[in-house]
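Chemist: This is the structure I have questions about; it appears just below.
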Amino acid sequence: MLDVGKWPVFALLPPEELRLIRQACVFGSAANEALYVTVNDEVFALGTNCSGCLGLGDLQSTIEPRRIDTLCGKKIVSLSYGTGPHVVIATADGEVYAWGHNGYSQLGNGTTNHGLTPALVSTNLLSKRVTEVACGSHHTIALTTDGEVYAWGYNNSGQVGSGSTANQPTPRRVSSCLQNKVVVNIACGQLCSMAVLDNGEIYGWGYNCNGQLGLGNNGNQQTPCRIAALQGVNIVQVACGYAHTLALTDEGFVYAWGANSYGQLGTGNKSNQALPTLINTDKERGLLSFFSRMVEVAACHTSHTSAAKTQSGQVLMWGQCRGQAVASPHLTHFSTTDDVFACFATPAVTWHLLTVDGDDYLTVAQSLKREFDSPEISDLKFLVDGKCIHVHKALLKIRCEHFRALLNETDEESIEIHQFSYLVYRAFLEYLYTDTINLPPEDAIGLLDLATYYRETRLKRLCQETIKRGISEENAITLLSAAVKYEARDLEEFCFKFCVNHLTAVTQTQAFADMDHDLLKNFISKASRYGAFKN
């Protein structure tokens, strides 16, 4: 459960009120404004209420939560805010509501009058269903179920994507290079906009003096431009800071570009980058272990802070962290990227709409994960290398044909395993509870052996993916040998190509010197057919 109490604006709410919160957002120049949604789908606001941004119908600040009647029951699915501030939401029905600062028409209602209560944004959107909204300092963009992007508001640098620098008073479709393309994710920096396509391409437009569009130059763009440097890289999520951009690939890598005066690109220095740069969040600095595949990147247009979360739940942060410049990704003890912004961002706002699960609710997957290797209600234990692993017979029978057959033939409460190591066997049993594996590539070879022996096809595939992510010049031959041994054809081909592409370094390793004679002969023969020895 997310602890909204980490944000000081919630500090005076009684515990019984905090327990009702299911969604929340903290915003404003001093993180002194907040909106939240309760379990009953009632919407409340509290804080300083600059420009009427609380949507309460007046300009009065409030230390006590006040209900926003217009939004109650609307089921908010996306929320974003500007620096005015103005606030924009999308509902489950695909409607868009906006209120707050409107000096640049960022509310999309055709005027520049501040909006004291949430108002439906209707122009060009009435027949559309909006799924996601994003705000820059004083402009707004919205994504529809059709994959179209609409934009309005401040446009001094082309951030509305209209082909001019005139402010846009009402929603206008961003076409140009996005015409006939399907957008799946959007984000805004202070004065720029970004869009990710369903084919993994990424486009940017607007202010670019810090290189935040990733185009290799510093010229503003009044229409969307594809980031050509990421050709062949499949982007799945984008996040924008004040003047920098983070992009997550389908393989779990993170690219960064733009302003870097606080180290927010995570490159180890403070030099701006006008082209996407791959961030090293991995083991070279001992930050993370083998399971460092990223599944989320986080940034907010009000700050210079960056964060990311790994597949195994580890959270990293870098950039401006409580006034310090952290130039390389730093491993934290946090469980969510939201905590990074609550504790270290300036201002300590939320980078997206928080969703808070109830205290007592665990999903089936979470419940199973919690009970793995817990002796309390287990009815079977495995003894491996003198150590116990506590499990449940019923689950093992459901999840694995090998155990279904084995446990139907025995009533034993303890089984000794000699063929596999404790680390490998525990990882196998944990996989049956969680559907994931957490092993370094070298140990994943042992698990690959087990998966082959037990005919666990999916586990075998996961092991191969883990090994692929951890391949290096030092271990490439070892991994290739394992792939051949366990008849993992895709992995074998992957390791072989890696060896050929890094041939000079690989052939100088001890593993190559110790290579099996037949494997060496086959490797040289195949490499020569690939033209590896032409030079």
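Labels used: A, B, ... for chains in the order of the structure tokens, numbers from 1 for residues in each chain, and numbers from 1 for ligands as shown.
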Quick one: pick out all alpha helix (DSSP H) residues within segment 264-469 of chain A from a backbone DSSP run and write them as a ChimeraX atom specification.
Modeler: /A:337-344,364-371,393-399,401-408,422-434,441-454,457-469
Chemist: Find the residues around segment 17-31 of chain A up to 6 Å (only C-alpha atoms counted), leave out those fewer than 4 positions away in its own chain, and share them as a PyMOL selection string.
Modeler: chain A and resi 35-39+347-350+353-356
Chemist: Please produce a file of the residues just selected, as a PDB file, in the first residue's frame, where the atoms kept are N, CA and C atoms.
Modeler:
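Dumped to again_18.pdb:
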ATOM      1  N   LEU A  35      -5.260  16.627  -4.301  1.00  0.00           N
ATOM      2  CA  LEU A  35      -6.575  16.071  -4.604  1.00  0.00           C
ATOM      3  C   LEU A  35      -6.533  14.596  -4.234  1.00  0.00           C
ATOM      4  N   TYR A  36      -7.649  14.064  -3.759  1.00  0.00           N
ATOM      5  CA  TYR A  36      -7.685  12.625  -3.541  1.00  0.00           C
ATOM      6  C   TYR A  36      -9.090  12.076  -3.745  1.00  0.00           C
ATOM      7  N   VAL A  37      -9.128  10.787  -4.070  1.00  0.00           N
ATOM      8  CA  VAL A  37     -10.387  10.089  -4.327  1.00  0.00           C
ATOM      9  C   VAL A  37     -10.527   8.989  -3.284  1.00  0.00           C
ATOM     10  N   THR A  38     -11.708   8.869  -2.688  1.00  0.00           N
ATOM     11  CA  THR A  38     -11.919   7.868  -1.644  1.00  0.00           C
ATOM     12  C   THR A  38     -12.462   6.569  -2.224  1.00  0.00           C
ATOM     13  N   VAL A  39     -12.568   5.573  -1.365  1.00  0.00           N
ATOM     14  CA  VAL A  39     -13.098   4.271  -1.743  1.00  0.00           C
ATOM     15  C   VAL A  39     -14.539   4.390  -2.228  1.00  0.00           C
ATOM     16  N   PRO A 347       9.831  20.681  -6.128  1.00  0.00           N
ATOM     17  CA  PRO A 347       9.011  20.387  -4.949  1.00  0.00           C
ATOM     18  C   PRO A 347       8.626  18.908  -4.884  1.00  0.00           C
ATOM     19  N   ALA A 348       8.201  18.466  -3.699  1.00  0.00           N
ATOM     20  CA  ALA A 348       7.899  17.042  -3.476  1.00  0.00           C
ATOM     21  C   ALA A 348       6.493  16.703  -3.945  1.00  0.00           C
ATOM     22  N   VAL A 349       6.290  16.792  -5.260  1.00  0.00           N
ATOM     23  CA  VAL A 349       4.978  16.506  -5.851  1.00  0.00           C
ATOM     24  C   VAL A 349       4.901  15.037  -6.266  1.00  0.00           C
ATOM     25  N   THR A 350       3.743  14.620  -6.733  1.00  0.00           N
ATOM     26  CA  THR A 350       3.604  13.280  -7.313  1.00  0.00           C
ATOM     27  C   THR A 350       3.820  13.386  -8.816  1.00  0.00           C
ATOM     28  N   LEU A 353      -0.688  10.130 -11.169  1.00  0.00           N
ATOM     29  CA  LEU A 353      -1.792   9.873 -10.248  1.00  0.00           C
ATOM     30  C   LEU A 353      -1.477   8.637  -9.419  1.00  0.00           C
ATOM     31  N   LEU A 354      -1.406   8.804  -8.113  1.00  0.00           N
ATOM     32  CA  LEU A 354      -1.152   7.666  -7.237  1.00  0.00           C
ATOM     33  C   LEU A 354      -2.394   6.799  -7.140  1.00  0.00           C
ATOM     34  N   THR A 355      -2.194   5.501  -7.117  1.00  0.00           N
ATOM     35  CA  THR A 355      -3.294   4.579  -6.863  1.00  0.00           C
ATOM     36  C   THR A 355      -2.954   3.789  -5.612  1.00  0.00           C
ATOM     37  N   VAL A 356      -3.848   3.827  -4.640  1.00  0.00           N
ATOM     38  CA  VAL A 356      -3.573   3.236  -3.339  1.00  0.00           C
ATOM     39  C   VAL A 356      -4.485   2.036  -3.120  1.00  0.00           C
TER      40      VAL A 356
END
Chemist: Would you kindly return, as an MDAnalysis selection string, each protein, DNA or RNA residue with an atom no farther than 12 Å from any atom of Ser421 of chain A, considering only C-alpha atoms and excluding same-chain residues fewer than 6 positions away?
Modeler: chainID A and resid 382:387 427:428 443:447 449:450
Chemist: Could you take the residues named above and write them with C-alpha atoms, as a PDB file, in the first residue's frame?
Modeler:
ATOM      1  CA  PHE A 382      12.597 -30.113   0.318  1.00  0.00           C
ATOM      2  CA  LEU A 383      16.062 -30.689   1.756  1.00  0.00           C
ATOM      3  CA  VAL A 384      18.757 -29.394  -0.569  1.00  0.00           C
ATOM      4  CA  ASP A 385      22.418 -29.010   0.462  1.00  0.00           C
ATOM      5  CA  GLY A 386      21.306 -29.352   4.075  1.00  0.00           C
ATOM      6  CA  LYS A 387      18.790 -26.483   3.838  1.00  0.00           C
ATOM      7  CA  ALA A 427      14.649 -20.534  -7.619  1.00  0.00           C
ATOM      8  CA  PHE A 428      12.642 -23.242  -9.386  1.00  0.00           C
ATOM      9  CA  ASP A 443      23.195 -19.576 -12.050  1.00  0.00           C
ATOM     10  CA  ALA A 444      20.381 -19.425 -14.590  1.00  0.00           C
ATOM     11  CA  ILE A 445      22.365 -22.056 -16.525  1.00  0.00           C
ATOM     12  CA  GLY A 446      21.733 -24.491 -13.666  1.00  0.00           C
ATOM     13  CA  LEU A 447      18.050 -23.588 -13.712  1.00  0.00           C
ATOM     14  CA  ASP A 449      19.366 -27.609 -16.836  1.00  0.00           C
ATOM     15  CA  LEU A 450      16.537 -28.220 -14.343  1.00  0.00           C
TER      16      LEU A 450
END
Chemist: Counting only C-alpha atoms, figure out which residue out of A:Val130, A:Val96, A:Val340, A:Leu462 gets nearest to Asn109 of chain A.
Modeler: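 Using only C-alpha atoms, Asn109 of chain A sits closest to A:Val96.
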Chemist: Find the residues around segment 451-453 of chain A up to 7 Å (only C-alpha atoms counted), leave out those fewer than 5 positions away in its own chain, and share them as number ranges by chain.
Modeler: A: 459-460, 486
Chemist: Extract the full set of strand (DSSP E or B) residues from segment 154-294 of chain A according to DSSP on the backbone, and format it as a short mmCIF file (atom, residue, chain, number, x, y, z; two decimals) with N, CA, C and O atoms, in the first residue's frame.
Modeler:
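Below is the file part12.cif, written as the result:
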data_model
loop_
_atom_site.label_atom_id
_atom_site.label_comp_id
_atom_site.auth_asym_id
_atom_site.auth_seq_id
_atom_site.Cartn_x
_atom_site.Cartn_y
_atom_site.Cartn_z
N GLN A 168 -2.91 28.06 -28.53
CA GLN A 168 -4.04 27.30 -29.05
C GLN A 168 -5.17 27.30 -28.01
O GLN A 168 -5.07 26.67 -26.96
N PRO A 169 -6.29 28.03 -28.27
CA PRO A 169 -7.32 28.22 -27.24
C PRO A 169 -8.22 27.01 -26.98
O PRO A 169 -8.84 26.91 -25.93
N THR A 170 -8.30 26.09 -27.94
CA THR A 170 -9.15 24.90 -27.79
C THR A 170 -8.39 23.68 -28.31
O THR A 170 -7.41 23.81 -29.06
N PRO A 171 -8.81 22.47 -27.94
CA PRO A 171 -8.11 21.26 -28.41
C PRO A 171 -8.02 21.19 -29.93
O PRO A 171 -9.00 21.41 -30.64
N ARG A 172 -6.82 20.89 -30.39
CA ARG A 172 -6.56 20.74 -31.82
C ARG A 172 -5.78 19.45 -32.02
O ARG A 172 -4.84 19.16 -31.28
N ARG A 173 -6.15 18.66 -33.00
CA ARG A 173 -5.45 17.40 -33.22
C ARG A 173 -4.02 17.66 -33.70
O ARG A 173 -3.79 18.51 -34.58
N VAL A 183 -0.74 6.50 -31.40
CA VAL A 183 0.05 6.85 -30.21
C VAL A 183 -0.47 6.06 -29.01
O VAL A 183 -1.69 5.88 -28.85
N VAL A 184 0.45 5.58 -28.16
CA VAL A 184 0.04 4.77 -27.00
C VAL A 184 0.46 5.37 -25.67
O VAL A 184 0.00 4.94 -24.61
N ASN A 185 1.33 6.39 -25.68
CA ASN A 185 1.80 7.00 -24.43
C ASN A 185 2.24 8.43 -24.71
O ASN A 185 2.82 8.72 -25.76
N ILE A 186 1.94 9.34 -23.77
CA ILE A 186 2.31 10.75 -23.94
C ILE A 186 2.94 11.28 -22.66
O ILE A 186 2.76 10.73 -21.57
N ALA A 187 3.70 12.37 -22.80
CA ALA A 187 4.29 13.05 -21.64
C ALA A 187 4.66 14.47 -22.06
O ALA A 187 4.84 14.75 -23.25
N CYS A 188 4.77 15.35 -21.06
CA CYS A 188 5.15 16.74 -21.32
C CYS A 188 6.26 17.18 -20.39
O CYS A 188 6.22 16.90 -19.18
N CYS A 192 7.70 21.22 -23.76
CA CYS A 192 7.78 20.29 -24.89
C CYS A 192 6.78 19.15 -24.68
O CYS A 192 6.23 18.98 -23.60
N SER A 193 6.56 18.39 -25.74
CA SER A 193 5.63 17.26 -25.70
C SER A 193 6.29 16.05 -26.35
O SER A 193 7.07 16.18 -27.29
N MET A 194 5.94 14.85 -25.84
CA MET A 194 6.50 13.61 -26.38
C MET A 194 5.37 12.61 -26.59
O MET A 194 4.38 12.60 -25.85
N ALA A 195 5.53 11.75 -27.60
CA ALA A 195 4.53 10.71 -27.89
C ALA A 195 5.23 9.43 -28.32
O ALA A 195 6.15 9.46 -29.14
N VAL A 196 4.77 8.30 -27.76
CA VAL A 196 5.27 6.98 -28.13
C VAL A 196 4.22 6.29 -28.99
O VAL A 196 3.03 6.29 -28.66
N LEU A 197 4.65 5.70 -30.11
CA LEU A 197 3.74 5.03 -31.03
C LEU A 197 3.63 3.54 -30.72
O LEU A 197 4.48 2.98 -30.02
N ILE A 202 9.28 7.05 -31.25
CA ILE A 202 8.99 8.14 -30.32
C ILE A 202 9.19 9.48 -31.04
O ILE A 202 10.16 9.65 -31.79
N TYR A 203 8.25 10.39 -30.80
CA TYR A 203 8.25 11.70 -31.45
C TYR A 203 8.27 12.80 -30.38
O TYR A 203 7.73 12.61 -29.28
N GLY A 204 8.87 13.94 -30.71
CA GLY A 204 8.89 15.06 -29.80
C GLY A 204 8.69 16.37 -30.53
O GLY A 204 8.98 16.48 -31.73
N TRP A 205 8.17 17.37 -29.82
CA TRP A 205 8.01 18.69 -30.41
C TRP A 205 7.98 19.75 -29.31
O TRP A 205 7.75 19.44 -28.14
N GLY A 206 8.27 21.00 -29.69
CA GLY A 206 8.30 22.10 -28.74
C GLY A 206 9.70 22.58 -28.44
O GLY A 206 10.59 22.55 -29.31
N GLN A 221 10.95 22.77 -32.27
CA GLN A 221 10.19 22.10 -33.33
C GLN A 221 8.70 22.40 -33.16
O GLN A 221 8.14 22.15 -32.10
N GLN A 222 8.08 22.93 -34.22
CA GLN A 222 6.67 23.31 -34.14
C GLN A 222 5.72 22.18 -34.55
O GLN A 222 4.51 22.31 -34.40
N THR A 223 6.28 21.07 -35.03
CA THR A 223 5.49 19.87 -35.36
C THR A 223 6.27 18.65 -34.88
O THR A 223 7.49 18.72 -34.67
N PRO A 224 5.62 17.52 -34.67
CA PRO A 224 6.30 16.32 -34.18
C PRO A 224 7.45 15.86 -35.08
O PRO A 224 7.32 15.85 -36.30
N CYS A 225 8.55 15.49 -34.45
CA CYS A 225 9.73 14.97 -35.16
C CYS A 225 10.12 13.62 -34.55
O CYS A 225 10.21 13.50 -33.33
N ARG A 226 10.34 12.65 -35.40
CA ARG A 226 10.75 11.33 -34.91
C ARG A 226 12.20 11.38 -34.42
O ARG A 226 13.05 12.02 -35.04
N ILE A 235 10.46 1.64 -28.02
CA ILE A 235 10.14 2.39 -26.80
C ILE A 235 8.72 2.04 -26.35
O ILE A 235 7.80 1.98 -27.17
N VAL A 236 8.53 1.85 -25.04
CA VAL A 236 7.21 1.52 -24.51
C VAL A 236 6.68 2.56 -23.53
O VAL A 236 5.48 2.62 -23.27
N GLN A 237 7.59 3.40 -22.97
CA GLN A 237 7.12 4.44 -22.05
C GLN A 237 8.07 5.63 -22.10
O GLN A 237 9.29 5.47 -22.25
N VAL A 238 7.51 6.83 -21.97
CA VAL A 238 8.32 8.05 -21.93
C VAL A 238 7.91 8.87 -20.71
O VAL A 238 6.75 8.86 -20.30
N ALA A 239 8.88 9.54 -20.09
CA ALA A 239 8.62 10.43 -18.96
C ALA A 239 9.48 11.67 -19.14
O ALA A 239 10.63 11.59 -19.57
N CYS A 240 8.91 12.82 -18.82
CA CYS A 240 9.61 14.09 -19.01
C CYS A 240 9.83 14.80 -17.69
O CYS A 240 8.90 14.94 -16.88
N HIS A 244 14.40 17.46 -19.31
CA HIS A 244 15.06 16.23 -19.74
C HIS A 244 14.01 15.16 -19.98
O HIS A 244 12.86 15.28 -19.54
N THR A 245 14.39 14.12 -20.69
CA THR A 245 13.46 13.07 -21.08
C THR A 245 14.06 11.69 -20.79
O THR A 245 15.25 11.47 -21.00
N LEU A 246 13.22 10.79 -20.32
CA LEU A 246 13.59 9.39 -20.09
C LEU A 246 12.71 8.50 -20.95
O LEU A 246 11.51 8.76 -21.07
N ALA A 247 13.27 7.46 -21.54
CA ALA A 247 12.49 6.53 -22.35
C ALA A 247 12.85 5.10 -21.98
O ALA A 247 14.04 4.77 -21.84
N LEU A 248 11.83 4.27 -21.83
CA LEU A 248 12.01 2.86 -21.46
C LEU A 248 11.78 1.99 -22.69
O LEU A 248 10.81 2.18 -23.42
N THR A 249 12.68 1.02 -22.93
CA THR A 249 12.54 0.12 -24.07
C THR A 249 11.84 -1.16 -23.67
O THR A 249 11.72 -1.49 -22.48
N VAL A 254 17.00 1.90 -20.38
CA VAL A 254 16.56 3.28 -20.23
C VAL A 254 17.49 4.21 -21.01
O VAL A 254 18.72 4.14 -20.86
N TYR A 255 16.91 5.05 -21.85
CA TYR A 255 17.65 6.09 -22.55
C TYR A 255 17.27 7.45 -21.96
O TYR A 255 16.14 7.65 -21.51
N ALA A 256 18.22 8.38 -21.96
CA ALA A 256 17.96 9.72 -21.43
C ALA A 256 18.59 10.77 -22.32
O ALA A 256 19.61 10.53 -22.98
N TRP A 257 17.98 11.95 -22.36
CA TRP A 257 18.55 13.06 -23.13
C TRP A 257 17.99 14.38 -22.61
O TRP A 257 17.01 14.42 -21.89
N GLY A 258 18.68 15.47 -22.98
CA GLY A 258 18.24 16.80 -22.57
C GLY A 258 19.14 17.44 -21.54
O GLY A 258 20.36 17.19 -21.51
N GLN A 273 22.78 16.36 -23.13
CA GLN A 273 22.86 15.41 -24.24
C GLN A 273 21.70 15.68 -25.20
O GLN A 273 20.54 15.61 -24.81
N ALA A 274 22.03 15.99 -26.45
CA ALA A 274 20.99 16.26 -27.45
C ALA A 274 20.55 15.00 -28.17
O ALA A 274 19.60 15.03 -28.95
N LEU A 275 21.23 13.88 -27.90
CA LEU A 275 20.87 12.58 -28.48
C LEU A 275 20.61 11.59 -27.36
O LEU A 275 21.22 11.69 -26.28
N PRO A 276 19.73 10.62 -27.56
CA PRO A 276 19.47 9.60 -26.53
C PRO A 276 20.74 8.88 -26.11
O PRO A 276 21.54 8.46 -26.95
N THR A 277 20.93 8.77 -24.81
CA THR A 277 22.10 8.10 -24.24
C THR A 277 21.63 6.95 -23.36
O THR A 277 20.77 7.14 -22.50
N LEU A 278 22.18 5.77 -23.59
CA LEU A 278 21.80 4.61 -22.79
C LEU A 278 22.37 4.76 -21.38
O LEU A 278 23.57 4.99 -21.20
N MET A 294 14.54 -2.83 -16.33
CA MET A 294 13.64 -1.77 -15.88
C MET A 294 12.21 -1.99 -16.40
O MET A 294 12.02 -2.42 -17.53
#
Chemist: Identify, on the basis of only C-alpha atoms, every residue whose closest approach to segment 472-484 of chain A does not exceed 10 Å; exclude the query and any residue fewer than 2 positions from it along the same chain; express the result as JSON, numbers by chain.
Modeler: {"A": [441, 442, 444, 445, 446, 448, 449, 464, 467, 468, 469, 470, 486, 487, 488, 489, 490, 491, 492, 493, 494, 495, 496, 497, 498, 499, 501, 502, 503, 504, 505, 506, 507, 508, 509, 510, 511, 512, 513, 514, 515, 516, 519, 520, 523]}
Chemist: Using only C-alpha atoms, which of A:Pro329, A:Glu465, A:Val9, A:Ala142 sits nearest Gly252 of chain A?
Modeler: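 Closest residue, counting only C-alpha atoms: A:Glu465.
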Chemist: Can you check which parts of segment 107-159 of chain A lie within 10 Å of segment 175-178 of chain A? Per residue, the shortest pair of atoms and distance in Å to one decimal, counting only C-alpha atoms, sorted by chain and number, as a tab-separated table.
Modeler:
residue	atom	partner	partner_atom	distance
A:Gly147	CA	A:Leu178	CA	9.6
A:Glu148	CA	A:Leu178	CA	8.1
A:Val149	CA	A:Ser175	CA	7.9
A:Tyr150	CA	A:Ser175	CA	8.8
Chemist: Deliver the residues from the most recent selection as a file, using N, CA and C atoms, as a compact mmCIF listing (two decimals), in the first residue's frame.
Modeler:
# COMPACT_ATOMS: atom_id res chain seq x y z
N GLY A 147 -5.76 6.49 -30.56
CA GLY A 147 -4.34 6.75 -30.72
C GLY A 147 -4.04 8.13 -31.26
N GLU A 148 -5.04 9.04 -31.18
CA GLU A 148 -4.84 10.42 -31.63
C GLU A 148 -4.42 11.29 -30.46
N VAL A 149 -3.66 12.36 -30.76
CA VAL A 149 -3.23 13.30 -29.74
C VAL A 149 -3.84 14.67 -30.03
N TYR A 150 -4.43 15.28 -29.00
CA TYR A 150 -4.97 16.64 -29.11
C TYR A 150 -4.19 17.53 -28.14
Chemist: What lies within 9 Å of Thr302 of chain A using only C-alpha atoms, ignoring chain neighbours under 2 positions off, as a PyMOL selection string?
Modeler: chain A and resi 28-29+82-83+136-137+189-190+241-242+299-300+304+346-347+349+351
Chemist: Hey, which of A:Glu132, A:Glu42, A:Asp93, A:Glu430 ends up closest to Ile389 of chain A? Count only C-alpha atoms.
Modeler: A:Glu430
Chemist: Compile the contact shell of Asn113 of chain A as JSON, numbers by chain: residues with an atom at most 9 Å away, counting only C-alpha atoms, same-chain residues fewer than 3 positions apart removed.
Modeler: {"A": [101, 102, 103, 105]}
Chemist: Convert the current residue selection to file output with N, CA, C and O atoms, as a PDB file, in the first residue's frame.
Modeler:
ATOM      1  N   HIS A 101      -5.527  27.650 -13.404  1.00  0.00           N
ATOM      2  CA  HIS A 101      -4.903  28.743 -14.155  1.00  0.00           C
ATOM      3  C   HIS A 101      -5.212  28.603 -15.644  1.00  0.00           C
ATOM      4  O   HIS A 101      -5.146  27.517 -16.210  1.00  0.00           O
ATOM      5  N   ASN A 102      -5.516  29.734 -16.284  1.00  0.00           N
ATOM      6  CA  ASN A 102      -5.898  29.680 -17.698  1.00  0.00           C
ATOM      7  C   ASN A 102      -5.369  30.870 -18.488  1.00  0.00           C
ATOM      8  O   ASN A 102      -5.928  31.246 -19.517  1.00  0.00           O
ATOM      9  N   GLY A 103      -4.264  31.451 -18.021  1.00  0.00           N
ATOM     10  CA  GLY A 103      -3.704  32.623 -18.676  1.00  0.00           C
ATOM     11  C   GLY A 103      -3.283  32.394 -20.108  1.00  0.00           C
ATOM     12  O   GLY A 103      -3.134  33.348 -20.884  1.00  0.00           O
ATOM     13  N   SER A 105      -4.866  29.796 -22.051  1.00  0.00           N
ATOM     14  CA  SER A 105      -5.920  28.925 -22.617  1.00  0.00           C
ATOM     15  C   SER A 105      -5.633  27.441 -22.405  1.00  0.00           C
ATOM     16  O   SER A 105      -6.106  26.595 -23.163  1.00  0.00           O
TER      17      SER A 105
END
Chemist: With distances taken over only C-alpha atoms, which of A:Lys485, A:Arg404, A:His86, A:Arg322 is nearest to His138 of chain A?
Modeler: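 With only C-alpha atoms as the atom set, the closest residue is A:His86.
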Chemist: State, in Å with one decimal place, the distance from atom CA of Tyr207 of chain A to atom CA of His301 of chain A.
Modeler: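 Answer for the atom CA of Tyr207 of chain A to atom CA of His301 of chain A separation: 12.8 Å.
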Chemist: Rounded to one decimal place, report the atom CA of Cys53 of chain A-atom CA of Ala345 of chain A distance in Å.
Modeler: 21.1 Å
